[in-house]
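A.B. asks: Dropping in query-v6.txt, which is compact mmCIF, C-alpha atoms:
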```txt
# COMPACT_ATOMS: atom_id res chain seq x y z
CA MET F 1 -2.36 78.96 14.72
CA THR F 2 -0.49 78.93 11.44
CA ALA F 3 2.79 77.23 10.64
CA ARG F 4 4.81 80.01 12.24
CA GLY F 5 3.55 79.17 15.68
CA ALA F 6 4.62 76.37 18.00
CA GLY F 7 2.73 73.13 18.37
CA PRO F 8 0.42 71.43 15.86
CA VAL F 9 -0.36 73.33 12.66
CA ARG F 10 -4.06 74.16 12.61
CA ALA F 11 -4.27 76.45 9.58
CA ILE F 12 -2.20 77.62 6.64
CA GLY F 13 -2.10 81.36 6.01
CA ALA F 14 -0.44 83.67 3.53
CA GLU F 15 2.71 83.94 5.65
CA ASP F 16 3.12 80.14 5.55
CA VAL F 17 3.34 79.78 1.77
CA PRO F 18 7.16 80.23 1.55
CA THR F 19 7.62 77.59 4.26
CA LEU F 20 5.22 75.19 2.57
CA TRP F 21 6.94 75.67 -0.78
CA ALA F 22 10.41 75.09 0.68
CA GLY F 23 9.24 71.76 2.09
CA ALA F 24 7.38 70.93 -1.11
CA GLN F 25 10.61 71.32 -3.11
CA PHE F 26 12.50 69.12 -0.66
CA TYR F 27 10.08 66.24 -1.34
CA ALA F 28 10.16 66.78 -5.11
CA PRO F 29 13.70 67.85 -6.06
CA ALA F 30 13.26 66.92 -9.72
CA PHE F 31 10.80 69.74 -10.16
CA GLY F 32 12.30 73.17 -10.70
CA ASP F 33 10.71 76.55 -10.14
CA ASP F 34 8.96 76.66 -13.53
CA GLY F 35 5.41 77.87 -13.00
CA ALA F 36 5.82 78.01 -9.24
CA GLU F 37 6.46 81.71 -8.72
CA GLY F 38 3.16 82.82 -10.23
CA LEU F 39 1.24 80.08 -8.43
CA ARG F 40 2.87 80.96 -5.09
CA GLU F 41 2.00 84.63 -5.52
CA TRP F 42 -1.58 83.76 -6.43
CA VAL F 43 -2.03 81.40 -3.47
CA THR F 44 -0.49 83.98 -1.12
CA ALA F 45 -2.85 86.68 -2.38
CA LEU F 46 -5.89 84.41 -2.01
CA LEU F 47 -4.98 83.50 1.56
CA ALA F 48 -4.32 87.15 2.41
CA GLU F 49 -7.75 88.10 1.04
CA HIS F 50 -9.85 85.20 2.34
CA GLY F 51 -7.93 84.19 5.45
CA PRO F 52 -6.14 80.99 6.47
CA VAL F 53 -7.33 77.56 5.37
CA PRO F 54 -8.00 75.14 8.25
CA LEU F 55 -5.68 72.13 8.28
CA VAL F 56 -7.47 69.10 9.74
CA ARG F 57 -6.65 65.47 10.42
CA ALA F 58 -8.62 62.84 8.53
CA GLU F 59 -9.60 61.13 11.77
CA ALA F 60 -11.06 64.39 13.10
CA LEU F 61 -13.68 64.49 10.33
CA PRO F 62 -17.04 62.67 10.49
CA PRO F 63 -16.57 59.31 8.75
CA ASP F 64 -18.99 60.12 5.92
CA THR F 65 -17.41 63.49 5.03
CA ARG F 66 -17.03 63.64 1.24
CA CYS F 67 -13.39 64.23 0.27
CA ALA F 68 -11.46 64.60 -2.97
CA ALA F 69 -7.86 64.93 -4.10
CA LEU F 70 -6.86 68.16 -5.84
CA GLY F 71 -3.82 68.15 -8.07
CA LEU F 72 -2.09 69.51 -11.11
CA VAL F 73 -1.29 67.24 -14.03
CA GLY F 74 1.15 68.30 -16.73
CA SER F 75 4.17 70.52 -17.11
CA GLY F 76 5.42 73.30 -14.85
CA THR F 77 6.85 74.97 -17.95
CA ALA F 78 3.39 74.95 -19.54
CA LEU F 79 1.97 76.42 -16.34
CA ALA F 80 4.49 79.26 -16.55
CA GLU F 81 3.57 79.92 -20.18
CA LEU F 82 -0.20 79.61 -19.62
CA PRO F 83 -0.79 80.72 -16.03
CA PRO F 84 -4.11 79.98 -14.30
CA VAL F 85 -7.02 82.25 -15.09
CA GLY F 86 -8.31 81.68 -11.57
CA ASP F 87 -11.19 79.23 -11.81
CA GLU F 88 -9.46 76.03 -12.95
CA PHE F 89 -9.32 74.34 -9.54
CA THR F 90 -12.86 75.20 -8.51
CA THR F 91 -14.08 74.20 -11.98
CA ALA F 92 -12.46 70.78 -11.62
CA LEU F 93 -13.98 70.35 -8.17
CA SER F 94 -17.42 71.47 -9.33
CA GLY F 95 -17.24 69.03 -12.25
CA LEU F 96 -16.52 66.17 -9.87
CA GLU F 97 -19.42 67.21 -7.65
CA ARG F 98 -21.82 67.25 -10.62
CA ARG F 99 -20.67 63.78 -11.64
CA LEU F 100 -21.07 62.44 -8.11
CA GLY F 101 -24.27 64.32 -7.33
CA GLN F 102 -22.73 65.29 -3.98
CA ARG F 103 -20.89 68.25 -2.53
CA VAL F 104 -17.23 67.78 -1.60
CA GLU F 105 -16.72 68.90 2.00
CA ALA F 106 -12.93 68.66 2.36
CA VAL F 107 -9.95 68.40 0.02
CA PHE F 108 -6.44 66.96 0.20
CA PRO F 109 -3.41 67.10 -2.11
CA LEU F 110 -2.98 64.30 -4.62
CA ALA F 111 0.72 64.57 -3.70
CA ALA F 112 2.05 66.57 -0.77
CA ALA F 113 5.05 67.85 -2.72
CA ALA F 114 5.98 70.19 -5.59
CA LEU F 115 3.16 72.28 -7.09
CA ASN F 116 0.60 69.76 -5.87
CA ALA F 117 1.23 70.96 -2.32
CA LEU F 118 -0.11 74.41 -3.29
CA THR F 119 -3.01 73.60 -5.61
CA PRO F 120 -5.52 72.30 -3.03
CA LEU F 121 -5.18 75.60 -1.15
CA VAL F 122 -6.77 77.41 -4.10
CA ALA F 123 -10.00 75.42 -4.07
CA ALA F 124 -10.05 75.23 -0.27
CA CYS F 125 -9.68 78.99 0.00
CA LEU F 126 -12.23 79.90 -2.68
CA ARG F 127 -14.79 77.34 -1.53
CA GLY F 128 -14.28 77.72 2.22
CA LEU F 129 -13.23 74.08 2.70
CA PRO F 130 -10.73 72.53 5.11
CA LEU F 131 -7.50 71.02 3.85
CA ILE F 132 -6.84 67.50 5.11
CA ASP F 133 -3.35 66.76 6.42
CA SER F 134 -3.03 63.70 4.17
CA ASP F 135 -2.20 62.75 0.61
CA GLY F 136 -1.90 59.72 -1.63
CA MET F 137 1.80 59.68 -2.46
CA GLY F 138 3.87 61.14 0.38
CA ARG F 139 6.18 62.47 -2.33
CA VAL F 140 5.69 62.96 -6.12
CA PHE F 141 5.17 60.19 -8.64
CA PRO F 142 4.61 60.89 -12.34
CA LEU F 143 1.34 58.98 -12.81
CA VAL F 144 -1.99 59.55 -11.05
CA GLN F 145 -2.46 55.88 -10.14
CA TYR F 146 0.80 55.75 -8.18
CA THR F 147 -0.97 56.29 -4.85
CA SER F 148 -1.62 54.48 -1.61
CA LEU F 149 -5.30 55.07 -2.40
CA HIS F 150 -5.04 52.97 -5.55
CA LEU F 151 -3.13 50.28 -3.65
CA ALA F 152 -5.99 50.18 -1.14
CA GLY F 153 -8.56 49.69 -3.88
CA LEU F 154 -10.00 53.20 -4.09
CA PRO F 155 -10.80 54.25 -7.68
CA VAL F 156 -9.02 57.26 -9.14
CA ALA F 157 -12.01 58.01 -11.38
CA PRO F 158 -14.03 59.94 -12.09
CA VAL F 159 -11.29 62.49 -12.71
CA CYS F 160 -12.42 65.98 -13.64
CA ALA F 161 -9.84 68.22 -15.28
CA ALA F 162 -9.95 71.93 -16.12
CA GLY F 163 -7.39 73.63 -18.33
CA PRO F 164 -6.15 77.20 -18.76
CA ALA F 165 -8.20 77.80 -21.94
CA GLY F 166 -11.55 77.33 -20.20
CA GLU F 167 -11.95 73.70 -21.30
CA SER F 168 -12.90 70.91 -18.91
CA LEU F 169 -13.58 67.21 -19.16
CA THR F 170 -14.36 64.12 -17.11
CA VAL F 171 -12.34 60.94 -17.55
CA GLU F 172 -13.62 57.50 -16.63
CA ALA F 173 -12.24 54.17 -17.78
CA THR F 174 -12.14 50.50 -16.88
CA SER F 175 -8.69 50.69 -15.28
CA ALA F 176 -6.47 53.24 -13.57
CA ASP F 177 -3.85 52.79 -16.31
CA ARG F 178 -6.41 53.78 -18.93
CA VAL F 179 -7.48 56.78 -16.86
CA GLU F 180 -3.87 57.98 -16.77
CA ALA F 181 -3.32 57.43 -20.49
CA MET F 182 -6.52 59.20 -21.49
CA LEU F 183 -5.98 62.05 -19.04
CA ARG F 184 -2.38 62.63 -20.15
CA ALA F 185 -3.40 62.79 -23.82
CA GLN F 186 -6.18 65.27 -23.15
CA VAL F 187 -4.04 67.48 -20.90
CA HIS F 188 -1.58 67.86 -23.75
CA LEU F 189 -4.40 69.12 -25.96
CA MET F 190 -5.69 71.45 -23.22
CA GLY F 191 -2.46 73.46 -23.08
CA GLY F 192 0.03 71.23 -21.29
CA TRP F 193 -1.43 71.34 -17.79
CA ALA F 194 -4.76 70.97 -16.02
CA ALA F 195 -6.20 71.20 -12.53
CA THR F 196 -7.68 67.87 -11.48
CA ALA F 197 -10.16 66.60 -8.90
CA SER F 198 -9.98 62.84 -8.34
CA TYR F 199 -10.17 59.98 -5.84
CA PRO F 200 -13.61 60.89 -4.42
CA CYS F 201 -13.97 59.10 -1.10
CA ALA F 202 -15.38 59.32 2.39
CA ALA F 203 -13.18 60.47 5.26
CA ALA F 204 -13.31 56.94 6.70
CA GLU F 205 -11.88 55.59 3.42
CA LEU F 206 -9.17 58.23 3.33
CA ARG F 207 -8.31 57.43 6.95
CA ARG F 208 -7.76 53.80 5.92
CA ALA F 209 -6.02 54.35 2.59
CA GLY F 210 -4.21 57.71 2.76
CA LEU F 211 -0.81 58.82 4.03
CA HIS F 212 -1.22 61.13 6.98
CA GLY F 213 0.60 64.12 8.45
CA THR F 214 2.27 64.80 5.11
CA VAL F 215 1.29 68.47 4.80
CA SER F 216 2.55 69.20 8.33
CA ARG F 217 5.77 67.43 7.43
CA LEU F 218 6.35 69.82 4.52
CA LEU F 219 5.99 72.78 6.85
CA ALA F 220 8.41 71.25 9.34
CA ALA F 221 11.03 70.58 6.65
CA GLY F 222 10.46 74.03 5.16
CA ARG F 223 11.16 75.73 8.47
CA VAL F 224 14.53 73.98 8.69
CA LEU F 225 15.46 74.87 5.12
CA LEU F 226 14.47 78.53 5.44
CA ALA F 227 16.36 78.88 8.73
CA GLY F 228 19.53 77.87 6.88
CA GLY F 229 22.92 77.63 8.55
CA PRO F 230 25.87 75.27 8.08
CA VAL F 231 24.95 72.34 5.86
CA ASP F 232 25.88 69.73 8.48
CA ARG F 233 23.47 71.34 10.93
CA VAL F 234 20.71 71.60 8.32
CA VAL F 235 21.14 67.93 7.41
CA SER F 236 21.01 66.94 11.10
CA GLN F 237 17.82 68.92 11.64
CA LEU F 238 16.24 67.56 8.45
CA SER F 239 17.10 64.06 9.60
CA ALA F 240 15.24 64.67 12.85
CA VAL F 241 12.18 65.91 10.95
CA THR F 242 12.11 63.61 7.91
CA GLY F 243 14.25 60.59 8.76
CA CYS F 244 16.65 61.38 5.92
CA ARG F 245 20.28 60.23 5.81
CA SER F 246 23.27 61.48 3.87
CA VAL F 247 24.74 59.20 1.22
CA GLY F 248 27.66 61.51 0.57
CA ARG F 249 28.86 64.95 -0.46
CA GLY F 250 30.75 65.78 -3.61
CA ARG F 251 31.12 67.73 -6.81
CA VAL F 252 28.99 67.12 -9.90
CA VAL F 253 31.44 66.03 -12.58
CA GLU F 254 29.13 64.95 -15.38
CA VAL F 255 25.52 65.31 -16.52
CA GLU F 256 24.45 63.11 -19.44
CA GLN F 257 21.09 63.09 -21.22
CA LEU F 258 19.22 60.17 -22.83
CA THR F 259 21.42 57.57 -21.17
CA ARG F 260 19.02 54.60 -21.42
CA PRO F 261 15.77 53.60 -23.11
CA MET F 262 12.68 55.11 -21.48
CA GLU F 263 9.28 53.59 -20.86
CA TRP F 264 6.60 55.13 -23.07
CA ALA F 265 4.34 55.91 -20.09
CA GLN F 266 6.93 58.02 -18.26
CA PRO F 267 6.70 61.70 -19.26
CA ALA F 268 10.40 62.57 -19.06
CA HIS F 269 13.76 61.62 -20.52
CA ALA F 270 16.35 59.46 -18.80
CA SER F 271 19.64 60.97 -17.71
CA THR F 272 22.63 60.29 -15.47
CA VAL F 273 24.51 62.52 -13.03
CA LEU F 274 27.93 61.62 -11.64
CA VAL F 275 29.12 63.06 -8.32
CA ALA F 276 32.73 62.67 -7.17
CA GLU F 277 32.64 62.28 -3.38
CA SER F 278 34.87 64.86 -1.73
CA GLY F 279 35.27 63.09 1.58
CA GLY F 280 34.83 59.69 3.11
CA ALA F 281 35.86 56.91 0.76
CA GLY F 282 36.13 59.15 -2.30
CA ARG F 283 33.48 57.15 -4.12
CA LEU F 284 31.84 57.96 -7.44
CA LEU F 285 28.11 58.45 -6.87
CA GLN F 286 25.95 57.72 -9.89
CA LEU F 287 22.41 59.15 -9.94
CA GLU F 288 19.91 57.78 -12.46
CA LEU F 289 17.15 60.27 -13.29
CA GLN F 290 13.77 60.11 -15.02
CA ASN F 291 11.10 62.44 -13.66
CA ASP F 292 12.96 62.04 -10.37
CA ILE F 293 16.19 60.61 -8.97
CA LEU F 294 15.43 56.92 -9.28
CA LEU F 295 18.70 55.28 -8.20
CA VAL F 296 21.89 56.08 -6.33
CA LEU F 297 24.90 53.83 -6.85
CA ALA F 298 28.15 54.26 -4.92
CA ASP F 299 31.08 52.82 -6.88
CA GLY F 300 28.53 50.64 -8.66
CA ALA F 301 26.81 49.36 -5.52
CA LEU F 302 23.07 50.10 -5.30
CA THR F 303 22.59 52.39 -2.31
CA ALA F 304 19.07 53.81 -2.71
CA ALA F 305 16.21 53.47 -5.17
CA VAL F 306 12.70 54.67 -5.85
CA PRO F 307 10.33 54.78 -3.91
CA ASP F 308 13.00 56.29 -1.62
CA VAL F 309 12.91 60.08 -1.86
CA ILE F 310 16.34 61.18 -3.09
CA CYS F 311 17.21 64.85 -2.80
CA LEU F 312 20.22 67.08 -3.46
CA LEU F 313 21.19 70.00 -1.21
CA ASP F 314 23.56 72.74 -2.27
CA ALA F 315 26.47 72.04 0.08
CA VAL F 316 27.87 75.56 -0.30
CA ARG F 317 24.89 77.93 -0.35
CA GLY F 318 22.25 75.67 1.15
CA GLY F 319 18.82 74.94 -0.23
CA VAL F 320 17.42 72.27 -2.52
CA VAL F 321 19.10 71.82 -5.89
CA GLY F 322 16.54 71.48 -8.70
CA LEU F 323 17.48 68.92 -11.29
CA ASP F 324 16.40 71.08 -14.22
CA ASN F 325 19.31 73.45 -13.61
CA LEU F 326 21.88 71.00 -12.30
CA GLY F 327 25.28 71.51 -13.90
CA GLY F 328 28.86 70.41 -13.57
CA GLY F 329 30.93 71.85 -10.75
CA GLU F 330 28.17 72.16 -8.14
CA VAL F 331 28.91 70.71 -4.72
CA VAL F 332 25.93 68.75 -3.47
CA GLU F 333 24.87 66.66 -0.51
CA VAL F 334 22.95 63.54 -1.56
CA LEU F 335 20.14 62.80 0.88
CA VAL F 336 17.85 59.78 0.98
CA MET F 337 14.52 59.73 2.82
CA PRO F 338 12.36 56.66 3.39
CA ALA F 339 8.99 56.69 1.68
CA ALA F 340 5.82 55.63 3.46
CA PRO F 341 5.94 51.95 4.54
CA VAL F 342 3.22 50.96 2.06
CA TRP F 343 5.62 51.68 -0.81
CA TYR F 344 7.95 48.91 0.38
CA SER F 345 5.25 46.26 0.35
CA PRO F 346 5.30 43.83 -2.60
CA ALA F 347 2.35 45.66 -4.15
CA GLY F 348 3.93 49.06 -3.55
CA LEU F 349 7.24 48.07 -5.13
CA ALA F 350 5.43 46.46 -8.06
CA LEU F 351 3.55 49.71 -8.68
CA ALA F 352 6.32 52.26 -8.07
CA GLY F 353 9.60 50.46 -7.47
CA PRO F 354 12.63 50.44 -9.80
CA ARG F 355 11.17 47.91 -12.24
CA ALA F 356 8.09 50.08 -12.75
CA PHE F 357 10.48 52.67 -14.24
CA GLY F 358 12.21 50.18 -16.52
CA LEU F 359 15.20 49.61 -14.22
CA PRO F 360 15.99 45.86 -13.93
CA VAL F 361 17.12 45.92 -10.29
CA GLU F 362 15.62 44.99 -6.97
CA HIS F 363 15.18 47.63 -4.30
CA PRO F 364 17.97 47.46 -1.70
CA ARG F 365 15.48 46.45 0.98
CA VAL F 366 14.46 43.44 -1.09
CA ALA F 367 18.00 42.62 -2.17
CA ARG F 368 19.07 42.31 1.45
```
Mind converting the file's structure to structure tokens?
C.D. replies:
Amino acid sequence: MTARGAGPVRAIGAEDVPTLWAGAQFYAPAFGDDGAEGLREWVTALLAEHGPVPLVRAEALPPDTRCAALGLVGSGTALAELPPVGDEFTTALSGLERRLGQRVEAVFPLAAAALNALTPLVAACLRGLPLIDSDGMGRVFPLVQYTSLHLAGLPVAPVCAAGPAGESLTVEATSADRVEAMLRAQVHLMGGWAATASYPCAAAELRRAGLHGTVSRLLAAGRVLLAGGPVDRVVSQLSAVTGCRSVGRGRVVEVEQLTRPMEWAQPAHASTVLVAESGGAGRLLQLELQNDILLVLADGALTAAVPDVICLLDAVRGGVVGLDNLGGGEVVEVLVMPAAPVWYSPAGLALAGPRAFGLPVEHPRVAR
């Protein structure tokens, strides 16, 4: 049964790719459509040719099943300019297997959102592997060590990366921060993006350290978004599926770039978006961006902050509003979704809370 059927999702087929992508955008609104169209078409063609990929729960696998995270590191724009040749994801996986001296028997997304929701399907399809309904982020973070797996003590390395020019490499270092720094530098040299295989672990370790049901959640959110309808109804249905809440609805009145100093490790520029609320208290909503929407302030009061997932819906036409193309005059609904509970622990907030992005504020949950 694929995502179009009722009940639990047991496989992902070609017809499910639009639904998966709609949900993947919802959990990663900062990422536009750059590079996605070609990847979606490729994944759809692979699934049509080879058949659906089984979607399995981590607890359903034998405890010693060898698993690995598949992801894409780099720029969507670079992916659009240098599209995959076709073997990058299997090359990365094979490189990890050679380093480990073991075959990988199941794969999962490094992040169940954005392009990373699609990439594991390539290797799973071509290698005949199941896709695990788990990931390490539950959303998208910009750095590979921002995972529940890292918080639980699982090593990110060895990381094997394969680029669009036929080059591949293995990265190992004494710390996860060094792995990220070395990987990011090499990916730039490889063409701006690379397929990666990382976080090798047993199914029992993934069961303990991963975030579960996250792929199914994308499909559930995607079904709501593709069904469309009045925005109030869509928001209500998304709330039932994702636990999101509306902060407010209004018109974008200003978009400013380079509005504050940025941390060197964060691969994006800081910017600010102002939304004039059209109903309710008529507040001014201030969104602080860098890779993602990091903060929402309502008339200066902190309302939501990373690791919350903050998303914009087009309040007129429906659908997720990508931040790359956000401009003045658009009417948007600002939605906030809770992240996985582990991200609100002291360790989780230290790794991926506001201060990790150079913002000197406490998360609202802590402030209360």
A.B. asks: Near F:Glu37, within 12 Å and counting all atoms listed in the file, which residues show up once chain neighbours fewer than 5 positions away are dropped, as a PDB file with C-alpha atoms, in the frame of the given file?
C.D. replies:
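After the write, out_22.pdb holds the following:
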```
ATOM      1  CA  VAL F  17       3.340  79.780   1.770  1.00  0.00           C
ATOM      2  CA  PRO F  18       7.160  80.230   1.550  1.00  0.00           C
ATOM      3  CA  TRP F  21       6.940  75.670  -0.780  1.00  0.00           C
ATOM      4  CA  GLY F  32      12.300  73.170 -10.700  1.00  0.00           C
ATOM      5  CA  TRP F  42      -1.580  83.760  -6.430  1.00  0.00           C
ATOM      6  CA  VAL F  43      -2.030  81.400  -3.470  1.00  0.00           C
ATOM      7  CA  THR F  44      -0.490  83.980  -1.120  1.00  0.00           C
ATOM      8  CA  GLY F  76       5.420  73.300 -14.850  1.00  0.00           C
ATOM      9  CA  THR F  77       6.850  74.970 -17.950  1.00  0.00           C
ATOM     10  CA  LEU F  79       1.970  76.420 -16.340  1.00  0.00           C
ATOM     11  CA  ALA F  80       4.490  79.260 -16.550  1.00  0.00           C
ATOM     12  CA  GLU F  81       3.570  79.920 -20.180  1.00  0.00           C
ATOM     13  CA  PRO F  83      -0.790  80.720 -16.030  1.00  0.00           C
ATOM     14  CA  ALA F 114       5.980  70.190  -5.590  1.00  0.00           C
ATOM     15  CA  LEU F 115       3.160  72.280  -7.090  1.00  0.00           C
ATOM     16  CA  LEU F 118      -0.110  74.410  -3.290  1.00  0.00           C
TER      17      LEU F 118
END
```
A.B. asks: Pick from F:Ser198, F:Phe141, F:Gly243, F:Leu169: nearest to F:Val306, with only C-alpha atoms counted?
C.D. replies: F:Phe141
A.B. asks: Any idea what the distance is between atom CA of F:Phe89 and atom CA of F:Ala123?
C.D. replies: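 Straight-line distance from atom CA of F:Phe89 to atom CA of F:Ala123 works out to 5.6 Å.
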A.B. asks: Rank nothing, just name the residue among F:Ala58, F:Ala14, F:Leu46, F:Ala339 nearest to F:His212, using only C-alpha atoms.
C.D. replies: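 Residue with the minimum atom-to-atom distance to F:His212: F:Ala58.
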A.B. asks: Which residue, F:Leu100, F:Leu121, F:Ala22, F:Leu82, has the smallest gap to F:Pro164 when you use only C-alpha atoms?
C.D. replies: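 Counting only C-alpha atoms, the residue closest to F:Pro164 is F:Leu82.
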A.B. asks: Quick one: residues within 9 Å of stretch 60-64 of chain F, only C-alpha atoms counted, chain neighbours fewer than 2 positions away excluded, as a list in words?
C.D. replies: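 The contact residues come out as Val56, Arg57, Ala58, Arg66, Cys67, Cys201, Ala202, Ala203, Ala204, Glu205 and Arg207 of chain F.
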A.B. asks: Find the residue from F:Ala195, F:Leu183, F:Val85, F:Val140 that sits nearest to F:Ala352; use all atoms listed in the file when measuring.
C.D. replies: F:Val140
A.B. asks: Of the residues F:Leu93, F:Cys244, F:Ala270, F:Leu323, which is the one nearest to F:Leu359, using only C-alpha atoms?
C.D. replies: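 Distance minimum relative to F:Leu359 lands on F:Ala270.
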A.B. asks: I want to know what sits within 12 Å of F:Trp343, based on all atoms listed in the file, with residues of the same chain fewer than 4 positions away left out; could you give that as a short mmCIF file (atom, residue, chain, number, x, y, z; two decimals) with C-alpha atoms, keeping the file's coordinate frame?
C.D. replies:
```
data_model
loop_
_atom_site.label_atom_id
_atom_site.label_comp_id
_atom_site.auth_asym_id
_atom_site.auth_seq_id
_atom_site.Cartn_x
_atom_site.Cartn_y
_atom_site.Cartn_z
CA GLY F 136 -1.90 59.72 -1.63
CA MET F 137 1.80 59.68 -2.46
CA GLY F 138 3.87 61.14 0.38
CA ARG F 139 6.18 62.47 -2.33
CA PHE F 141 5.17 60.19 -8.64
CA TYR F 146 0.80 55.75 -8.18
CA THR F 147 -0.97 56.29 -4.85
CA SER F 148 -1.62 54.48 -1.61
CA LEU F 149 -5.30 55.07 -2.40
CA HIS F 150 -5.04 52.97 -5.55
CA LEU F 151 -3.13 50.28 -3.65
CA ALA F 152 -5.99 50.18 -1.14
CA LEU F 211 -0.81 58.82 4.03
CA ALA F 305 16.21 53.47 -5.17
CA VAL F 306 12.70 54.67 -5.85
CA PRO F 307 10.33 54.78 -3.91
CA ASP F 308 13.00 56.29 -1.62
CA VAL F 309 12.91 60.08 -1.86
CA PRO F 338 12.36 56.66 3.39
CA ALA F 339 8.99 56.69 1.68
CA ALA F 347 2.35 45.66 -4.15
CA GLY F 348 3.93 49.06 -3.55
CA LEU F 349 7.24 48.07 -5.13
CA ALA F 350 5.43 46.46 -8.06
CA LEU F 351 3.55 49.71 -8.68
CA ALA F 352 6.32 52.26 -8.07
CA GLY F 353 9.60 50.46 -7.47
CA PRO F 354 12.63 50.44 -9.80
CA HIS F 363 15.18 47.63 -4.30
CA ARG F 365 15.48 46.45 0.98
#
```
A.B. asks: Determine the nearest neighbour of F:Glu172 from the options F:Pro84, F:Arg99, F:Leu143, F:Leu129, counting only C-alpha atoms.
C.D. replies: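 Looking only at the distances to F:Glu172, the closest residue turns out to be F:Arg99.
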A.B. asks: What is the distance between atom CA of F:Thr196 and atom CA of F:Val159, in Å to one decimal?
C.D. replies: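 According to the coordinates, atom CA of F:Thr196 and atom CA of F:Val159 are separated by 6.6 Å.
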